[in-house]
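The next block is work_36.cif, given as mmCIF, C-alpha atoms.
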data_upload
#
loop_
_atom_site.label_atom_id
_atom_site.label_comp_id
_atom_site.auth_asym_id
_atom_site.auth_seq_id
_atom_site.Cartn_x
_atom_site.Cartn_y
_atom_site.Cartn_z
CA MET K 352 0.82 -82.83 -64.31
CA HIS K 353 3.75 -82.27 -61.98
CA SER K 354 3.48 -81.08 -58.39
CA TYR K 355 5.11 -77.90 -57.09
CA ILE K 356 7.64 -80.10 -55.29
CA ASP K 357 8.63 -81.65 -58.63
CA TYR K 358 9.28 -78.20 -60.09
CA ILE K 359 11.42 -77.23 -57.10
CA ILE K 360 13.41 -80.49 -57.26
CA ALA K 361 14.01 -80.00 -61.01
CA PHE K 362 15.14 -76.42 -60.35
CA ILE K 363 17.58 -77.50 -57.61
CA LEU K 364 18.87 -80.40 -59.70
CA ALA K 365 19.51 -78.20 -62.75
CA PHE K 366 21.12 -75.54 -60.54
CA ALA K 367 23.40 -78.02 -58.75
CA VAL K 368 24.54 -79.76 -61.93
CA ALA K 369 25.37 -76.43 -63.61
CA VAL K 370 27.32 -75.25 -60.55
CA LEU K 371 29.32 -78.49 -60.34
CA VAL K 372 29.91 -78.99 -64.07
CA THR K 373 31.04 -75.43 -64.87
CA PRO K 374 34.59 -75.85 -63.42
CA LEU K 375 34.96 -79.04 -65.46
CA VAL K 376 33.82 -77.22 -68.61
CA LYS K 377 36.30 -74.44 -67.81
CA ARG K 378 39.17 -76.91 -67.76
CA LEU K 379 37.91 -78.52 -70.97
CA ALA K 380 37.70 -75.13 -72.72
CA ILE K 381 41.28 -74.27 -71.78
CA LYS K 382 42.49 -77.71 -72.84
CA ILE K 383 40.94 -77.58 -76.33
CA GLY K 384 41.67 -73.88 -76.85
CA ALA K 385 38.07 -72.65 -76.73
CA THR K 386 39.11 -69.30 -75.29
CA ASP K 387 38.27 -65.63 -75.81
CA GLN K 388 41.27 -63.48 -76.72
CA PRO K 389 41.29 -59.83 -75.58
CA ASN K 390 41.19 -57.20 -78.34
CA ALA K 391 40.09 -53.61 -78.98
CA ARG K 392 36.39 -54.56 -78.86
CA LYS K 393 36.63 -56.63 -75.67
CA ILE K 394 36.46 -55.20 -72.17
CA HIS K 395 38.31 -58.08 -70.51
CA LYS K 396 42.12 -58.02 -70.61
CA ASP K 397 42.90 -61.68 -69.95
CA ILE K 398 42.39 -64.82 -71.99
CA MET K 399 39.06 -66.29 -70.83
CA PRO K 400 37.66 -69.80 -71.34
CA ARG K 401 34.43 -69.93 -73.33
CA LEU K 402 32.10 -72.91 -73.81
CA GLY K 403 30.23 -72.18 -70.54
CA GLY K 404 26.94 -72.87 -72.28
CA LEU K 405 27.84 -76.54 -72.17
CA ALA K 406 27.42 -76.42 -68.38
CA ILE K 407 24.01 -74.77 -68.80
CA PHE K 408 23.05 -77.52 -71.22
CA CYS K 409 24.14 -80.23 -68.75
CA GLY K 410 22.01 -78.64 -66.03
CA VAL K 411 19.03 -78.50 -68.39
CA VAL K 412 19.48 -82.17 -69.31
CA ALA K 413 19.50 -83.14 -65.61
CA GLY K 414 16.31 -81.21 -64.87
CA PHE K 415 14.71 -82.46 -68.07
CA LEU K 416 15.41 -86.11 -67.25
CA TYR K 417 13.76 -85.64 -63.85
CA LEU K 418 10.58 -83.87 -65.02
CA GLN K 419 10.41 -85.41 -68.51
CA PRO K 420 8.03 -82.74 -69.89
CA GLN K 421 5.87 -84.01 -72.74
CA SER K 422 4.91 -82.31 -76.00
CA ILE K 423 4.11 -83.46 -79.52
CA TYR K 424 6.85 -81.06 -80.66
CA MET K 425 9.50 -82.23 -78.19
CA LYS K 426 11.62 -84.36 -80.57
CA GLU K 427 12.06 -81.49 -83.00
CA ILE K 428 12.66 -78.99 -80.18
CA ILE K 429 15.43 -81.21 -78.79
CA LEU K 430 16.94 -81.74 -82.25
CA GLY K 431 16.94 -77.99 -82.85
CA ALA K 432 18.61 -77.44 -79.47
CA LEU K 433 21.34 -79.96 -80.33
CA ILE K 434 21.98 -78.22 -83.67
CA ILE K 435 22.29 -74.87 -81.89
CA LEU K 436 24.58 -76.43 -79.28
CA VAL K 437 26.90 -77.87 -81.93
CA VAL K 438 27.03 -74.53 -83.78
CA GLY K 439 27.89 -72.77 -80.51
CA ILE K 440 30.62 -75.25 -79.59
CA LEU K 441 32.19 -74.98 -83.04
CA ASP K 442 32.10 -71.18 -82.87
CA ASP K 443 33.65 -71.10 -79.41
CA LYS K 444 36.46 -73.33 -80.64
CA PHE K 445 37.03 -72.14 -84.21
CA THR K 446 35.23 -68.73 -84.44
CA LEU K 447 32.88 -69.49 -87.33
CA GLN K 448 32.02 -66.95 -90.00
CA ALA K 449 28.65 -65.26 -89.46
CA LYS K 450 27.10 -66.99 -92.49
CA TYR K 451 27.82 -70.45 -91.06
CA LYS K 452 26.36 -69.55 -87.67
CA PHE K 453 23.29 -68.13 -89.39
CA ALA K 454 22.93 -71.29 -91.48
CA GLY K 455 22.98 -73.43 -88.33
CA GLN K 456 20.36 -71.24 -86.66
CA LEU K 457 18.22 -71.36 -89.78
CA ILE K 458 18.35 -75.16 -89.92
CA ALA K 459 17.39 -75.42 -86.23
CA ALA K 460 14.49 -73.01 -86.73
CA ILE K 461 13.25 -74.89 -89.81
CA VAL K 462 13.37 -78.19 -87.89
CA VAL K 463 11.15 -76.71 -85.16
CA ALA K 464 8.74 -75.07 -87.61
CA SER K 465 8.47 -78.33 -89.55
CA SER K 466 7.12 -80.02 -86.41
CA GLY K 467 4.01 -77.85 -86.56
CA LEU K 468 5.02 -75.53 -83.71
CA LEU K 469 4.13 -72.31 -85.48
CA ILE K 470 3.08 -68.76 -84.68
CA GLU K 471 -0.34 -69.22 -86.25
CA LYS K 472 -2.37 -66.40 -84.76
CA PHE K 473 -2.24 -63.37 -82.54
CA THR K 474 -4.63 -60.68 -81.38
CA ILE K 475 -4.57 -57.03 -82.45
CA PRO K 476 -6.90 -54.50 -80.78
CA PHE K 477 -9.68 -53.12 -83.01
CA PHE K 478 -8.95 -55.89 -85.56
CA GLY K 479 -9.43 -58.98 -83.41
CA MET K 480 -7.78 -62.33 -84.03
CA VAL K 481 -5.33 -62.45 -86.94
CA GLU K 482 -4.77 -65.95 -88.29
CA LEU K 483 -1.76 -66.73 -90.46
CA ASN K 484 -1.83 -69.40 -93.13
CA GLU K 485 1.04 -71.90 -93.23
CA TYR K 486 2.86 -70.01 -95.99
CA ILE K 487 3.12 -66.98 -93.70
CA SER K 488 3.29 -68.63 -90.26
CA PHE K 489 6.24 -70.84 -91.26
CA PRO K 490 8.65 -68.00 -92.22
CA VAL K 491 7.36 -65.84 -89.33
CA THR K 492 8.18 -68.66 -86.91
CA VAL K 493 11.63 -69.20 -88.40
CA LEU K 494 12.30 -65.44 -88.26
CA TRP K 495 11.23 -65.28 -84.59
CA ILE K 496 13.50 -68.16 -83.53
CA VAL K 497 16.53 -66.80 -85.40
CA ALA K 498 15.90 -63.21 -84.23
CA VAL K 499 15.59 -64.04 -80.52
CA THR K 500 18.54 -66.44 -80.70
CA ASN K 501 20.73 -63.66 -82.12
CA ALA K 502 19.36 -60.97 -79.79
CA ILE K 503 20.54 -62.86 -76.71
CA ASN K 504 23.87 -63.54 -78.41
CA LEU K 505 24.43 -59.85 -79.20
CA ILE K 506 23.81 -58.71 -75.63
CA ASP K 507 26.40 -61.14 -74.26
CA GLY K 508 29.11 -58.49 -73.80
CA LEU K 509 29.69 -58.19 -70.04
CA ASP K 510 30.17 -60.72 -67.26
CA GLY K 511 26.82 -62.22 -66.27
CA LEU K 512 24.81 -60.00 -68.61
CA ALA K 513 23.22 -62.52 -70.99
CA ALA K 514 22.66 -65.07 -68.22
CA GLY K 515 20.99 -62.50 -65.97
CA VAL K 516 18.82 -60.93 -68.67
CA SER K 517 17.76 -64.40 -69.85
CA THR K 518 16.87 -65.41 -66.30
CA ILE K 519 14.74 -62.30 -65.81
CA ALA K 520 12.97 -62.88 -69.15
CA MET K 521 12.30 -66.53 -68.33
CA THR K 522 11.04 -65.62 -64.85
CA SER K 523 8.54 -63.22 -66.44
CA ILE K 524 7.40 -65.95 -68.83
CA LEU K 525 7.16 -68.39 -65.89
CA ILE K 526 4.84 -66.08 -63.94
CA MET K 527 2.56 -65.56 -66.95
CA ALA K 528 2.57 -69.30 -67.72
CA PHE K 529 1.55 -70.06 -64.13
CA THR K 530 -1.40 -67.68 -64.29
CA ASP K 531 -2.45 -69.19 -67.63
CA TYR K 532 -2.03 -72.83 -66.48
CA GLN K 533 0.55 -73.61 -69.16
CA PHE K 534 2.41 -76.25 -67.20
CA LEU K 535 4.73 -77.38 -70.00
CA VAL K 536 6.15 -73.85 -70.14
CA VAL K 537 6.29 -73.73 -66.33
CA ALA K 538 8.35 -76.95 -66.28
CA LEU K 539 10.77 -75.76 -68.96
CA CYS K 540 11.21 -72.38 -67.26
CA PHE K 541 12.03 -73.92 -63.88
CA ILE K 542 14.67 -76.13 -65.49
CA LEU K 543 16.21 -73.35 -67.60
CA ILE K 544 16.22 -70.78 -64.79
CA GLY K 545 17.82 -73.23 -62.36
CA SER K 546 20.60 -74.16 -64.76
CA THR K 547 21.27 -70.56 -65.84
CA LEU K 548 21.50 -69.34 -62.24
CA GLY K 549 23.87 -72.20 -61.44
CA PHE K 550 26.16 -71.05 -64.24
CA LEU K 551 25.75 -67.38 -63.26
CA ILE K 552 27.55 -68.08 -59.97
CA HIS K 553 30.71 -68.64 -62.04
CA ASN K 554 29.86 -66.04 -64.70
CA PHE K 555 28.96 -62.91 -62.70
CA TYR K 556 31.64 -60.23 -62.43
CA PRO K 557 34.48 -61.04 -62.18
CA ALA K 558 33.71 -64.02 -64.39
CA LYS K 559 35.72 -67.22 -64.22
CA ILE K 560 34.29 -68.42 -67.55
CA PHE K 561 32.21 -67.01 -70.42
CA MET K 562 29.09 -68.75 -71.67
CA GLY K 563 30.30 -68.19 -75.23
CA ASP K 564 28.08 -68.72 -78.23
CA THR K 565 27.36 -72.19 -76.88
CA GLY K 566 25.42 -70.57 -74.05
CA ALA K 567 24.11 -67.40 -75.68
CA LEU K 568 22.72 -69.17 -78.75
CA PHE K 569 21.30 -72.02 -76.65
CA LEU K 570 19.54 -69.64 -74.23
CA GLY K 571 18.23 -67.48 -77.07
CA TYR K 572 16.89 -70.56 -78.83
CA CYS K 573 15.23 -71.87 -75.65
CA ILE K 574 13.61 -68.50 -74.88
CA SER K 575 12.23 -68.28 -78.43
CA ILE K 576 10.71 -71.76 -78.02
CA ILE K 577 9.10 -71.23 -74.60
CA SER K 578 7.69 -67.89 -75.76
CA MET K 579 6.06 -69.68 -78.70
CA LEU K 580 4.71 -72.45 -76.47
CA GLY K 581 3.37 -69.92 -73.99
CA LEU K 582 3.09 -66.25 -74.84
CA PHE K 583 1.92 -66.52 -78.46
CA LYS K 584 -0.68 -69.08 -77.36
CA ASN K 585 -2.08 -66.67 -74.78
CA ILE K 586 -5.21 -65.04 -76.21
CA THR K 587 -4.83 -61.50 -74.94
CA LEU K 588 -5.45 -58.08 -76.44
CA PHE K 589 -1.82 -57.80 -77.56
CA SER K 590 -0.59 -61.40 -77.66
CA PHE K 591 2.08 -60.55 -80.25
CA ILE K 592 3.48 -57.67 -78.17
CA ILE K 593 3.97 -59.51 -74.86
CA PRO K 594 7.04 -61.58 -75.88
CA ILE K 595 8.60 -58.47 -77.40
CA ILE K 596 8.17 -56.57 -74.11
CA VAL K 597 9.64 -59.48 -72.14
CA LEU K 598 12.71 -59.46 -74.40
CA ALA K 599 12.75 -55.68 -74.93
CA VAL K 600 16.37 -55.13 -73.84
CA PRO K 601 18.05 -57.61 -76.24
CA ILE K 602 15.52 -57.07 -79.05
CA PHE K 603 15.72 -53.26 -79.10
CA ASP K 604 19.49 -53.30 -78.56
CA THR K 605 19.65 -55.40 -81.73
CA ILE K 606 17.21 -53.14 -83.62
CA PHE K 607 19.15 -50.00 -82.68
CA ALA K 608 22.40 -51.72 -83.71
CA ILE K 609 20.92 -52.44 -87.16
CA ILE K 610 19.63 -48.84 -87.51
CA ARG K 611 22.99 -47.46 -86.37
CA ARG K 612 24.94 -49.52 -88.88
CA VAL K 613 22.58 -48.68 -91.73
CA LEU K 614 22.82 -44.94 -90.96
CA ASN K 615 26.61 -45.23 -90.80
CA LYS K 616 26.61 -47.24 -94.05
CA LYS K 617 28.21 -50.28 -92.42
CA SER K 618 27.42 -53.96 -92.74
CA ILE K 619 24.59 -55.07 -90.44
CA SER K 620 26.83 -57.85 -89.11
CA ALA K 621 29.78 -55.49 -88.50
CA PRO K 622 30.75 -55.49 -84.79
CA ASP K 623 31.02 -52.26 -82.81
CA LYS K 624 31.24 -50.99 -79.24
CA LEU K 625 27.94 -49.10 -79.20
CA HIS K 626 25.67 -51.76 -77.73
CA LEU K 627 23.82 -50.78 -74.55
CA HIS K 628 26.34 -52.39 -72.19
CA TYR K 629 29.31 -50.68 -73.87
CA CYS K 630 27.53 -47.32 -73.84
CA LEU K 631 26.86 -47.57 -70.10
CA VAL K 632 30.52 -48.37 -69.43
CA ASN K 633 31.53 -45.39 -71.61
CA LEU K 634 29.21 -43.17 -69.52
CA GLY K 635 31.26 -44.04 -66.45
CA PHE K 636 29.40 -47.02 -65.02
CA SER K 637 31.59 -49.78 -63.62
CA HIS K 638 31.42 -53.24 -65.18
CA ARG K 639 29.23 -54.54 -62.34
CA SER K 640 27.03 -51.41 -62.22
CA ALA K 641 26.35 -51.51 -65.97
CA VAL K 642 25.18 -55.12 -65.67
CA LEU K 643 22.94 -54.30 -62.69
CA VAL K 644 21.42 -51.32 -64.54
CA ILE K 645 20.52 -53.57 -67.47
CA TYR K 646 19.11 -56.16 -65.03
CA PHE K 647 16.90 -53.36 -63.68
CA PHE K 648 15.74 -52.39 -67.18
CA SER K 649 14.96 -56.04 -67.95
CA ALA K 650 13.02 -56.47 -64.71
CA CYS K 651 10.97 -53.34 -65.45
CA PHE K 652 10.08 -54.64 -68.91
CA GLY K 653 9.29 -58.09 -67.51
CA PHE K 654 7.01 -56.57 -64.86
CA SER K 655 5.34 -54.41 -67.53
CA ALA K 656 4.70 -57.51 -69.65
CA ILE K 657 3.01 -59.26 -66.72
CA ILE K 658 0.72 -56.26 -66.13
CA PHE K 659 0.21 -55.88 -69.88
CA SER K 660 -0.97 -59.49 -70.25
CA ASN K 661 -3.94 -58.87 -67.93
CA ALA K 662 -4.70 -55.22 -68.66
CA THR K 663 -7.66 -53.63 -70.40
CA LEU K 664 -7.35 -52.22 -73.91
CA TRP K 665 -6.67 -48.62 -72.89
CA ILE K 666 -4.27 -49.56 -70.10
CA SER K 667 -2.40 -51.78 -72.58
CA LEU K 668 -2.17 -48.94 -75.09
CA LEU K 669 -0.93 -46.56 -72.39
CA ILE K 670 1.74 -49.03 -71.24
CA MET K 671 2.87 -49.57 -74.82
CA VAL K 672 3.21 -45.84 -75.53
CA ILE K 673 5.10 -45.23 -72.26
CA LEU K 674 7.48 -48.13 -72.96
CA LEU K 675 8.19 -46.98 -76.52
CA ILE K 676 8.97 -43.44 -75.34
CA ALA K 677 11.14 -44.81 -72.51
CA ILE K 678 13.07 -47.07 -74.90
CA GLN K 679 13.74 -44.18 -77.28
CA PHE K 680 14.83 -41.88 -74.43
CA ILE K 681 17.20 -44.49 -73.02
CA ALA K 682 18.63 -45.15 -76.49
CA GLU K 683 19.29 -41.44 -77.07
CA ILE K 684 20.69 -40.73 -73.60
CA VAL K 685 23.23 -43.56 -73.70
CA GLY K 686 23.98 -43.07 -77.41
CA LEU K 687 22.72 -46.35 -78.88
CA ILE K 688 21.92 -44.76 -82.24
CA GLY K 689 24.83 -42.34 -82.18
CA LYS K 690 26.06 -39.49 -80.02
CA ASN K 691 24.55 -36.81 -82.24
CA ARG K 692 21.29 -38.54 -83.16
CA LYS K 693 18.73 -37.52 -80.52
CA PRO K 694 15.48 -36.70 -82.34
CA LEU K 695 13.12 -37.21 -79.37
CA ILE K 696 15.26 -35.25 -76.90
CA ASN K 697 15.71 -32.44 -79.43
CA PHE K 698 11.95 -32.41 -80.06
CA PHE K 699 11.21 -31.94 -76.35
CA LYS K 700 13.90 -29.26 -76.11
CA ARG K 701 12.22 -27.32 -78.92
CA LEU K 702 8.81 -27.92 -77.37
CA THR K 703 9.84 -26.57 -73.98
CA ALA K 704 12.12 -23.80 -75.22
CA VAL K 705 11.21 -20.37 -73.88
CA LYS K 706 11.43 -17.63 -76.45
CA LYS K 707 13.22 -14.51 -75.25
CA PRO K 708 11.10 -11.37 -75.61
CA GLN K 709 12.34 -9.01 -78.27
CA LYS K 710 13.60 -5.63 -77.08
CA ASN K 711 11.85 -2.55 -78.42
CA ASN K 712 14.08 -0.05 -80.16
#

What would the structure in this file look like if it were written as C-alpha cells?
Amino acid sequence: MHSYIDYIIAFILAFAVAVLVTPLVKRLAIKIGATDQPNARKIHKDIMPRLGGLAIFCGVVAGFLYLQPQSIYMKEIILGALIILVVGILDDKFTLQAKYKFAGQLIAAIVVASSGLLIEKFTIPFFGMVELNEYISFPVTVLWIVAVTNAINLIDGLDGLAAGVSTIAMTSILIMAFTDYQFLVVALCFILIGSTLGFLIHNFYPAKIFMGDTGALFLGYCISIISMLGLFKNITLFSFIIPIIVLAVPIFDTIFAIIRRVLNKKSISAPDKLHLHYCLVNLGFSHRSAVLVIYFFSACFGFSAIIFSNATLWISLLIMVILLIAIQFIAEIVGLIGKNRKPLINFFKRLTAVKKPQKNN
C-alpha cells in the first residue's frame, strides 16, 4: 500500500508533466495538421490545435510509473487505454467516421471485459443483491465502458468543459474510494486528476489547445474503468445508481440528446447545437460562465453521490427523486429536449393555476 506522500508525489508528477508537455503537443498538432476548423456548429472562430489528450496521457504515464498500481486486470486495462488513445489520435488527425470510432471503443471495452473485470452484481432496495451471469455481465460491462467514453466525448464542447467535469467526477470517486479503502482506485484517481488539471491550465477559456477526441475518449474510458473498480464494487443500497449520479451531467446530456434526435426523427449520431453547454450560451451566458455553471452542476451531483453512498434507504430514495426532478427541470429550462417540450413545467403550471371565478349573469 502506498503512503499519502506517494499519492501527493504522483499527483504533482502527473500535473507537472502535463503542464510541460502540452505546449510540445500543441506544436506537434499544428505540424501534423491535427487541428479543429471553425464551422457553424463550433463556437471558436480560429483554427485550434487538437491532440491535447496526448499530454494528459503523458502525465498519467509519469504518475503511473511512479506509483506502479497493481491489479490482475492491469494489462488489459492498459491495452484498452492504448486502443482508445490510437483511435483518438487518428480522429484528431483524420476525422474518422462515427462507425470506426465506435468500433475502436467496442474493441477496447471487449478487451477489458475479457480480463474478467465485469459488472457482476449490484444492490437494489427491496430486492437485495442482484447477481448477473457472465452472459449478461459481459455485454453490460461493454455497454458501460462505451457509454461513459462517449458521454465525456459529447460534452467536450467548450474550453475546459470536459477536463473540468471529468476532474470533478474523479474527485467524487476519489473521496468515496478513500472512505471505502479502495486504494487502487485512490491511486488511479490521484494520477488522473493531477494530469487533467495540468492540461486544464492550457485548456481553460481562452484555450490554447483542445483535448480533442484523444483526450475526451481517454478520460471517458478511464472514468468508466475506475468506476467499475470502485463504485460498482461498493456494496451499498443503490450501488448501480452512484456512478450514474457522479456522471449525471455527461450521461443525461447524452440521454436527452438521443431523445431529442428521436423526437425530431434525426439520426442518433447527428450533431446539433442543443447540448447543455450550447443551450447555456444561447441563454446569454458567456463562454466562461457557461463552463462554470456546468462545473457547479457537476459538483452538486458529485456531492450528492457522496452523501447517497452512505445514506439510509429513505434518504437515498429522497435524494434520487429530488435529483431526477432537478435534472428534468434543468433540461426543460435550458431547452435540452426542445424549446417547446416542457412537460414537467407545464404540469406544475396547470397544478398551480388559479381558476378565475365565473361571473353571475

Length of the atom CA of Leu468 of chain K to atom CA of Tyr451 of chain K vector [Å]: 24.5 Å

Explicit residue set for the PyMOL selection byres ((chain K and resi 691-699) around 12), as a VMD selection string: chain K and resid 607 610 to 611 614 to 615 675 to 690 700 to 705

Residues of segment 540-625 of chain K within 12 Å of segment 493-496 of chain K: nearest atom pair and distance (Å, one decimal) for each, counting all atoms listed in the file, sorted by chain and number, as a Markdown table?
| residue | atom | partner | partner_atom | distance |
| --- | --- | --- | --- | --- |
| K:Leu568 | CA | K:Ile496 | CA | 10.4 |
| K:Phe569 | CA | K:Ile496 | CA | 11.1 |
| K:Leu570 | CA | K:Ile496 | CA | 11.2 |
| K:Gly571 | CA | K:Ile496 | CA | 8.0 |
| K:Tyr572 | CA | K:Ile496 | CA | 6.3 |
| K:Cys573 | CA | K:Ile496 | CA | 8.9 |
| K:Ile574 | CA | K:Ile496 | CA | 8.7 |
| K:Ser575 | CA | K:Ile496 | CA | 5.3 |
| K:Ile576 | CA | K:Ile496 | CA | 7.1 |
| K:Ile577 | CA | K:Ile496 | CA | 10.4 |
| K:Ser578 | CA | K:Ile496 | CA | 9.7 |
| K:Met579 | CA | K:Trp495 | CA | 9.0 |
| K:Phe583 | CA | K:Trp495 | CA | 11.2 |
| K:Phe591 | CA | K:Trp495 | CA | 11.2 |
| K:Pro594 | CA | K:Trp495 | CA | 10.3 |
| K:Ile595 | CA | K:Trp495 | CA | 10.2 |
| K:Leu598 | CA | K:Trp495 | CA | 11.8 |
| K:Ile602 | CA | K:Trp495 | CA | 10.8 |

Go ahead and fit an axis-aligned box to every listed atom of segment 458-468 of chain K plus 4 Å each side, and pass me the centre and edge lengths in Å, one decimal, as AutoDock Vina command-line options.
--center_x 11.2 --center_y -76.5 --center_z -86.8 --size_x 22.3 --size_y 15.0 --size_z 14.2

Could you give me, as a CSV table (one decimal) with C-alpha atoms, in the frame of the given file, the residues within 10 Å of Val597 of chain K, counting only C-alpha atoms and dropping anything in the same chain fewer than 2 positions from it?
chain,number,residue,atom,x,y,z
K,516,VAL,CA,18.8,-60.9,-68.7
K,517,SER,CA,17.8,-64.4,-69.8
K,519,ILE,CA,14.7,-62.3,-65.8
K,520,ALA,CA,13.0,-62.9,-69.2
K,521,MET,CA,12.3,-66.5,-68.3
K,522,THR,CA,11.0,-65.6,-64.8
K,523,SER,CA,8.5,-63.2,-66.4
K,524,ILE,CA,7.4,-66.0,-68.8
K,578,SER,CA,7.7,-67.9,-75.8
K,582,LEU,CA,3.1,-66.2,-74.8
K,592,ILE,CA,3.5,-57.7,-78.2
K,593,ILE,CA,4.0,-59.5,-74.9
K,594,PRO,CA,7.0,-61.6,-75.9
K,595,ILE,CA,8.6,-58.5,-77.4
K,599,ALA,CA,12.8,-55.7,-74.9
K,600,VAL,CA,16.4,-55.1,-73.8
K,601,PRO,CA,18.0,-57.6,-76.2
K,602,ILE,CA,15.5,-57.1,-79.0
K,649,SER,CA,15.0,-56.0,-68.0
K,650,ALA,CA,13.0,-56.5,-64.7
K,651,CYS,CA,11.0,-53.3,-65.4
K,652,PHE,CA,10.1,-54.6,-68.9
K,653,GLY,CA,9.3,-58.1,-67.5
K,654,PHE,CA,7.0,-56.6,-64.9
K,655,SER,CA,5.3,-54.4,-67.5
K,656,ALA,CA,4.7,-57.5,-69.6
K,657,ILE,CA,3.0,-59.3,-66.7
